[in-house]
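Following: one structure in structure tokens, then a few remarks.
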Amino acid sequence: MALSFKPIKPLLHTGTNASSRWFSYIGLGIGVLLLLCSVQMFINIQQLLKEGSIRKDGFDFVSITKNITNETMGQPEKNLFHADEIDAVKKQPFIAGVSPLLANDFRVQLSAGNVLPFSTDMFLEALDNDFIDTLPPNFTWKEGDQHIPIILSSDFFEIYNIFAPGQGLPQLSKETAMGIPVQISCYGSNNTVTFSGRIVAFSDRVNSVLVPKNFLQWANKAFGNKERQDASRLFLKLKDVNDPQLVRYLDAQHYVINRDKTLLGRNKIVLQGIFSGLGIFGLLVVILALMLFSFYLQLVIARSRQNLELLLTLGYSPQWLGKNVSKQFVPVYIFIVLAALLCTQIMQWAFHHFVMFDRPELSSLVNWMVVLLAAALVLMAVVTNARLVKKLLHGLG
Amino acid sequence: MKLEIKNLLPTYFEEERKSTSEIWGKERSFSNGDLVNIVAPSGTGKTSLVHFLYKMRESYTGSISYDGKPLKQFSREAIAALRKDQVSIILQDMRLFEAQTILENLEIKRQLSPYHPQERIIEMARQLGVDHRLNALAQNCSYGEQQRAVIIRALLQPFDVLLMDEPFSHLDNANAKKATALILEEAARRKALVIFAELEKADHFPATHLYHL
């Protein structure tokens with residue numbers, strides 16, 4: 001005959017201080033609900049903002065500069081990225097790649113020759129080819145070549161078309177622009193060389209006038225005053241431009257990035273902060289509820305002390321008794337956590353359906369991590385309870 | 001089962017007790033089948049001795065061992081197993097679950113290590129004249145009725161040793177005789193050692209050993 005706890009159960013004064021028991025149950029329920037909802041919302045934010053950013057080839061590309069302040073103004077060396085700083089940026093885990101944007105260190109003038117009465121002082125930049133989104137095969141240059149391929153920012157081209165009529169210049173289509181040869185005059189300290197250039201592609205990614213890197217390195221030597229090593233801009237290849245870690249890092253280093261590009265990331269930091277706070281609060285409520293429950297349990301055992309001692313005197317095993325006493329509360333714990341999980345599920349469904357209008361990035365079901373957390377909470381409550389009962393019974397005869 | 005006591009003395013007794021007692025400070029060994037009557041006037045440590053033998057208290061010097069294993073070395077689980085299957089007890093202060101009926105009290109003990117079927121409870125209760133009180137709450141029973149219930153409770157389990165501390169203190173002579181007969185019958189069935197501590201020598205108990213505490 002298996003030993004039954006049924007005749008033993010009435011010997012425990014579980015009716016003792018029922019209000020304390022109910023408070024602890026309700027507290028536990030609220031705490032678990034807060035915790036589960038916070039984690040679910042945290043995951044929702046992650047998913048929404050991950051999907052919300054515009055991606056190319058699975059990466060985000062942004063350029064950063066140093067923050068030019070009144071103190072650093074007029075001191076170019078302080079506003080350039082030095083080799084050690086570039087290395088430090090490369091080492092960050094959330095940055096997939098870094099390419100310094102090399103700028104011209106001499107005067108450049110661009111004109112359309114006889115085709116268009118257009119001439120302007122310009123700047124040129126060069127970037128590692130890997131970072132260029134539209135890279136035609138003819139974007140190459142070797143020493144001695146008179147022809148320089150150019151990749152122009154689509155934004156710059158758009159601006160040209162806006163101001164062209166006002167300047168008496170024709171508006172151009174991209175195709176026509178690519179057909180127009182331009183003259184690039186490079187002014188050195190004692191020499192001037194004019195190259196012929198041609199737009200070979202337009203870039204949506206890089207806001208600049210790009211030429212092959214080896215040309216600019218050569219030209220900086222040939223026309224520049226000094227050999228310039230440092231870059232004023234860094235082009236970053238990022239896994240996620242909205243990564244709060246990135247935003248925090250850039251802010252800490254006083255590097256400037258287009259705030260609009262990281263706006264989602266900044267909102268994410270705030271939202272994650274709010275839900276982390278709520279989650280911690282929920283965890284505190286869970287701990288408080290478990291403490292309250294432990295007081296209730298101590299009271300039950302103190303009130304049932306005489307009966308429990310007699311059971312031990314009769315030969316009941318302390319281990320069996322402890323296991324069965326704690327088992328009394330397991331269904332309650334499971335019920336509370338399941339109820340909280342159900343509420344979280346309803347909340348998630350309502351959030352997805354009514355607030356997010358069934359956006360595909362989110363799911364109406366709670367995330368598996370929330371379910372796992374709920375299971376972990378049941379386990380935590382059961383283990384805490386079993387250890388406490390064991391300890392309290394050990395104190396008896 | 002062999003029960004040995006060596007140089008035993010409660011920590012709260014003075015050493016001189018050893019010279020006047022046949023138990024305290026002596027070396028004694030008992031085994032299955034022995035019927036030991038320990039006679040002791042009030043205040044000589046009868047209840048202390050029974051509590052020591054059942055490991056309910058450990059405030060003593062010297063040693064107690066069951067089958068060569070010192071009682072102080074028994075773990076809590078080992079003690080539970082010993083009480084369940086090998087050593088039974090009839091306590092002077094009875095100790096019943098007051099809010100339960102006599103039958104419930106007996107079932108709580110019986111289910112632990114069922115030596116007898118439930119019908120035997122009724123049989124034994126009839127033998128001791130408490131069968132009509134089986135469904136009464138323990139707190140509503142007289143001391144005499146409670147004491148008889150406690151005797152039945154001790155006999156529901158298997159045992160090699162039966163410890164009794166003034167088991168008939170609330171019984172009249174006739175009932176004490178009936179209870180002794182039942183105890184002896186059950187002890188004989190198990191070939192058990194019985195340690196019977198009483199104020200005076202019990203005439204109806206056929207002791208094989210008699211000691212003055």
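Residues in the structure tokens are numbered from 1 in each chain, the chains being A, B, ... in the order shown, and ligands are numbered from 1 in the order shown.
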
For Phe52 (chain B): contacts at 12 Å, only C-alpha atoms, fewer than 3 positions along chain excluded, given as a PyMOL selection string: chain B and resi 5+8-11+45-49+55-65+70-72+89+163+165

Dump as a PyMOL selection string the residues of chain A that approach chain B to within 8 Å, counting only C-alpha atoms. chain A and resi 1-4+7-8+11+307+310+312-319+397

Next, write the just-selected residues to a file, as a PDB file, in the first residue's frame, keeping C-alpha atoms as the atom set.
ATOM      1  CA  MET A   1       0.000   0.000   0.000  1.00  0.00           C
ATOM      2  CA  ALA A   2       1.461   3.324  -1.056  1.00  0.00           C
ATOM      3  CA  LEU A   3       1.787   5.888   1.675  1.00  0.00           C
ATOM      4  CA  SER A   4      -1.016   8.408   1.253  1.00  0.00           C
ATOM      5  CA  PRO A   7      -5.026  11.539   5.957  1.00  0.00           C
ATOM      6  CA  ILE A   8      -2.051  13.807   6.734  1.00  0.00           C
ATOM      7  CA  LEU A  11      -3.075  17.959  10.076  1.00  0.00           C
ATOM      8  CA  ASN A 307       1.249  17.520  14.488  1.00  0.00           C
ATOM      9  CA  LEU A 310       4.120  13.688  16.130  1.00  0.00           C
ATOM     10  CA  LEU A 312       8.052  12.334  12.784  1.00  0.00           C
ATOM     11  CA  THR A 313       7.772  10.544  16.154  1.00  0.00           C
ATOM     12  CA  LEU A 314       5.482   7.954  14.574  1.00  0.00           C
ATOM     13  CA  GLY A 315       8.169   7.248  11.968  1.00  0.00           C
ATOM     14  CA  TYR A 316       7.191   9.408   8.991  1.00  0.00           C
ATOM     15  CA  SER A 317      10.231  10.252   6.877  1.00  0.00           C
ATOM     16  CA  PRO A 318      11.140  13.963   7.007  1.00  0.00           C
ATOM     17  CA  GLN A 319      11.969  13.790   3.322  1.00  0.00           C
ATOM     18  CA  GLY A 397      12.151  17.136  16.338  1.00  0.00           C
TER      19      GLY A 397
END

Go through region 34-163 of chain B and collect every residue that DSSP, computed from the backbone, puts in helix (DSSP H, G or I); the answer should be as an MDAnalysis selection string. chainID B and resid 46:53 71:73 76:85 102:110 118:128 131:133 138:140 143:154

Neighbours of Arg28 (chain B) within 9 Å (only C-alpha atoms; same-chain residues fewer than 5 positions away dropped), as a list in words? Leu3, Glu4, Ile5, Lys6, Asn7 and Ile23 of chain B

Could the residues in this selection be saved with N, CA and C atoms as a short mmCIF file (atom, residue, chain, number, x, y, z; two decimals), in the first residue's frame?
data_model
loop_
_atom_site.label_atom_id
_atom_site.label_comp_id
_atom_site.auth_asym_id
_atom_site.auth_seq_id
_atom_site.Cartn_x
_atom_site.Cartn_y
_atom_site.Cartn_z
N LEU B 3 19.88 -4.56 21.56
CA LEU B 3 19.92 -3.20 22.11
C LEU B 3 20.95 -3.17 23.23
N GLU B 4 21.91 -2.28 23.11
CA GLU B 4 22.96 -2.19 24.14
C GLU B 4 23.01 -0.78 24.71
N ILE B 5 23.17 -0.71 26.02
CA ILE B 5 23.42 0.61 26.63
C ILE B 5 24.71 0.52 27.43
N LYS B 6 25.51 1.55 27.33
CA LYS B 6 26.81 1.54 28.01
C LYS B 6 27.01 2.85 28.75
N ASN B 7 27.18 2.71 30.07
CA ASN B 7 27.55 3.86 30.91
C ASN B 7 26.63 5.06 30.69
N ILE B 23 20.63 0.58 35.96
CA ILE B 23 20.68 0.93 34.52
C ILE B 23 21.70 2.02 34.28
#

Tell me which protein, DNA and RNA residues are within 8 Å of region 72-85 of chain A, counting only C-alpha atoms, leaving out same-chain ones fewer than 3 positions away, and put them as a CSV table (one decimal) with N, CA and C atoms, in the first residue's frame.
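Here's the written file selection_3.csv:
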chain,number,residue,atom,x,y,z
A,65,THR,N,31.3,61.5,-38.7
A,65,THR,CA,32.4,62.5,-38.6
A,65,THR,C,32.6,62.8,-37.2
A,66,LYS,N,33.7,63.5,-36.9
A,66,LYS,CA,33.9,64.0,-35.5
A,66,LYS,C,33.1,65.2,-35.3
A,67,ASN,N,32.7,65.4,-34.1
A,67,ASN,CA,31.9,66.6,-33.7
A,67,ASN,C,32.8,67.8,-33.7
A,68,ILE,N,32.6,68.8,-34.6
A,68,ILE,CA,33.5,69.9,-34.6
A,68,ILE,C,32.9,71.0,-33.6
A,69,THR,N,33.6,71.3,-32.6
A,69,THR,CA,33.2,72.2,-31.6
A,69,THR,C,34.0,73.5,-31.7
A,88,ALA,N,40.0,51.3,-33.3
A,88,ALA,CA,39.1,51.1,-32.2
A,88,ALA,C,37.6,51.0,-32.7
A,89,VAL,N,37.3,51.7,-33.7
A,89,VAL,CA,35.9,51.6,-34.3
A,89,VAL,C,35.7,50.2,-34.9
A,229,GLN,N,47.1,61.2,-44.4
A,229,GLN,CA,46.8,59.8,-44.0
A,229,GLN,C,45.4,59.7,-43.4
A,230,ASP,N,45.0,60.7,-42.7
A,230,ASP,CA,43.8,60.6,-41.9
A,230,ASP,C,42.6,61.0,-42.6
A,231,ALA,N,41.5,60.4,-42.2
A,231,ALA,CA,40.2,60.6,-42.9
A,231,ALA,C,39.3,61.5,-42.1
A,232,SER,N,38.5,62.3,-42.8
A,232,SER,CA,37.6,63.2,-42.0
A,232,SER,C,36.3,62.5,-41.8
A,233,ARG,N,36.0,61.5,-42.7
A,233,ARG,CA,34.8,60.8,-42.5
A,233,ARG,C,35.1,59.3,-42.5
A,234,LEU,N,34.3,58.5,-41.8
A,234,LEU,CA,34.4,57.1,-41.8
A,234,LEU,C,33.1,56.5,-42.3

Strand (DSSP E or B) positions in region 139-298 of chain A, given as an NGL selection string: :A and (147-153 or 181-187 or 192-203 or 209-210 or 231 or 233-238 or 255-256)

Selection above as a file: N, CA and C atoms, as a CSV table (one decimal), in the first residue's frame:
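And here's out_31.csv as it stands now:
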chain,number,residue,atom,x,y,z
A,147,HIS,N,41.7,59.4,-68.2
A,147,HIS,CA,40.2,59.3,-67.9
A,147,HIS,C,40.0,58.8,-66.5
A,148,ILE,N,39.1,59.6,-65.8
A,148,ILE,CA,38.8,59.2,-64.5
A,148,ILE,C,37.3,58.9,-64.3
A,149,PRO,N,37.0,57.7,-63.9
A,149,PRO,CA,35.5,57.4,-63.7
A,149,PRO,C,35.0,58.0,-62.4
A,150,ILE,N,33.8,58.5,-62.4
A,150,ILE,CA,33.2,59.1,-61.2
A,150,ILE,C,31.9,58.4,-60.9
A,151,ILE,N,31.8,58.2,-59.6
A,151,ILE,CA,30.4,57.8,-59.1
A,151,ILE,C,29.9,59.0,-58.3
A,152,LEU,N,28.7,59.5,-58.8
A,152,LEU,CA,28.1,60.7,-58.2
A,152,LEU,C,26.9,60.3,-57.3
A,153,SER,N,26.8,61.0,-56.2
A,153,SER,CA,25.7,60.8,-55.3
A,153,SER,C,24.4,61.2,-56.0
A,181,PRO,N,31.1,64.2,-71.0
A,181,PRO,CA,32.4,64.2,-70.5
A,181,PRO,C,32.6,65.5,-69.7
A,182,VAL,N,33.3,65.4,-68.5
A,182,VAL,CA,33.6,66.5,-67.7
A,182,VAL,C,35.1,66.7,-67.6
A,183,GLN,N,35.5,67.9,-67.3
A,183,GLN,CA,36.9,68.1,-67.1
A,183,GLN,C,37.2,68.3,-65.7
A,184,ILE,N,38.2,67.6,-65.2
A,184,ILE,CA,38.6,67.7,-63.8
A,184,ILE,C,40.0,68.3,-63.7
A,185,SER,N,40.0,69.6,-63.2
A,185,SER,CA,41.3,70.2,-63.1
A,185,SER,C,41.8,70.1,-61.7
A,186,CYS,N,43.1,69.6,-61.6
A,186,CYS,CA,43.7,69.4,-60.3
A,186,CYS,C,44.8,70.5,-60.2
A,187,TYR,N,44.7,71.3,-59.1
A,187,TYR,CA,45.7,72.4,-59.0
A,187,TYR,C,46.7,72.0,-57.9
A,192,THR,N,49.3,72.2,-62.7
A,192,THR,CA,47.9,72.0,-62.9
A,192,THR,C,47.7,71.0,-64.0
A,193,VAL,N,46.9,70.0,-63.7
A,193,VAL,CA,46.7,68.9,-64.7
A,193,VAL,C,45.2,68.8,-64.9
A,194,THR,N,44.7,68.7,-66.1
A,194,THR,CA,43.3,68.5,-66.3
A,194,THR,C,43.1,67.1,-66.9
A,195,PHE,N,42.2,66.4,-66.2
A,195,PHE,CA,41.8,65.0,-66.6
A,195,PHE,C,40.4,65.1,-67.2
A,196,SER,N,40.1,64.1,-68.0
A,196,SER,CA,38.7,64.0,-68.4
A,196,SER,C,38.0,63.0,-67.6
A,197,GLY,N,36.8,63.3,-67.2
A,197,GLY,CA,36.1,62.4,-66.3
A,197,GLY,C,34.7,62.1,-66.9
A,198,ARG,N,34.2,61.0,-66.4
A,198,ARG,CA,32.8,60.6,-66.8
A,198,ARG,C,32.1,59.9,-65.7
A,199,ILE,N,30.8,60.3,-65.6
A,199,ILE,CA,30.0,59.7,-64.5
A,199,ILE,C,29.7,58.3,-65.0
A,200,VAL,N,30.1,57.3,-64.2
A,200,VAL,CA,29.9,55.9,-64.6
A,200,VAL,C,28.8,55.3,-63.8
A,201,ALA,N,28.4,55.9,-62.7
A,201,ALA,CA,27.3,55.4,-61.9
A,201,ALA,C,26.8,56.4,-60.9
A,202,PHE,N,25.6,56.2,-60.4
A,202,PHE,CA,25.1,57.1,-59.3
A,202,PHE,C,24.9,56.2,-58.0
A,203,SER,N,25.2,56.8,-56.9
A,203,SER,CA,25.1,56.1,-55.7
A,203,SER,C,24.0,56.6,-54.8
A,209,VAL,N,31.3,62.7,-54.2
A,209,VAL,CA,31.8,62.5,-55.6
A,209,VAL,C,32.9,61.5,-55.5
A,210,LEU,N,32.7,60.3,-55.9
A,210,LEU,CA,33.7,59.3,-55.7
A,210,LEU,C,34.6,59.0,-56.9
A,231,ALA,N,41.5,60.4,-42.2
A,231,ALA,CA,40.2,60.6,-42.9
A,231,ALA,C,39.3,61.5,-42.1
A,233,ARG,N,36.0,61.5,-42.7
A,233,ARG,CA,34.8,60.8,-42.5
A,233,ARG,C,35.1,59.3,-42.5
A,234,LEU,N,34.3,58.5,-41.8
A,234,LEU,CA,34.4,57.1,-41.8
A,234,LEU,C,33.1,56.5,-42.3
A,235,PHE,N,33.2,55.6,-43.2
A,235,PHE,CA,32.0,54.9,-43.7
A,235,PHE,C,31.9,53.6,-43.0
A,236,LEU,N,30.7,53.4,-42.3
A,236,LEU,CA,30.6,52.2,-41.5
A,236,LEU,C,29.6,51.2,-42.2
A,237,LYS,N,29.9,50.0,-42.1
A,237,LYS,CA,29.0,48.9,-42.5
A,237,LYS,C,28.5,48.3,-41.2
A,238,LEU,N,27.1,48.3,-41.0
A,238,LEU,CA,26.6,48.0,-39.7
A,238,LEU,C,25.6,46.8,-39.9
A,255,TYR,N,31.1,61.1,-31.8
A,255,TYR,CA,31.1,61.0,-33.2
A,255,TYR,C,29.7,61.4,-33.7
A,256,VAL,N,29.7,62.0,-34.9
A,256,VAL,CA,28.4,62.6,-35.4
A,256,VAL,C,27.9,61.7,-36.5

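Separating CA of Phe106 (chain A) from CA of Lys142 (chain A) is a distance of 19.5 Å.
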
Identify which of the residues A:Val108, A:Ala386, A:Leu102, A:Ile269 lies closest to Trp320 (chain A), counting only C-alpha atoms when measuring atom-to-atom distances. A:Ala386

All residues 12 Å or closer to region 160-162 of chain B, only C-alpha atoms, same chain fewer than 2 positions away omitted, as a ChimeraX atom specification: /B:1-3,30-37,50,53-54,66-67,82-91,151,153-158,164-165,167,183-184,186-197
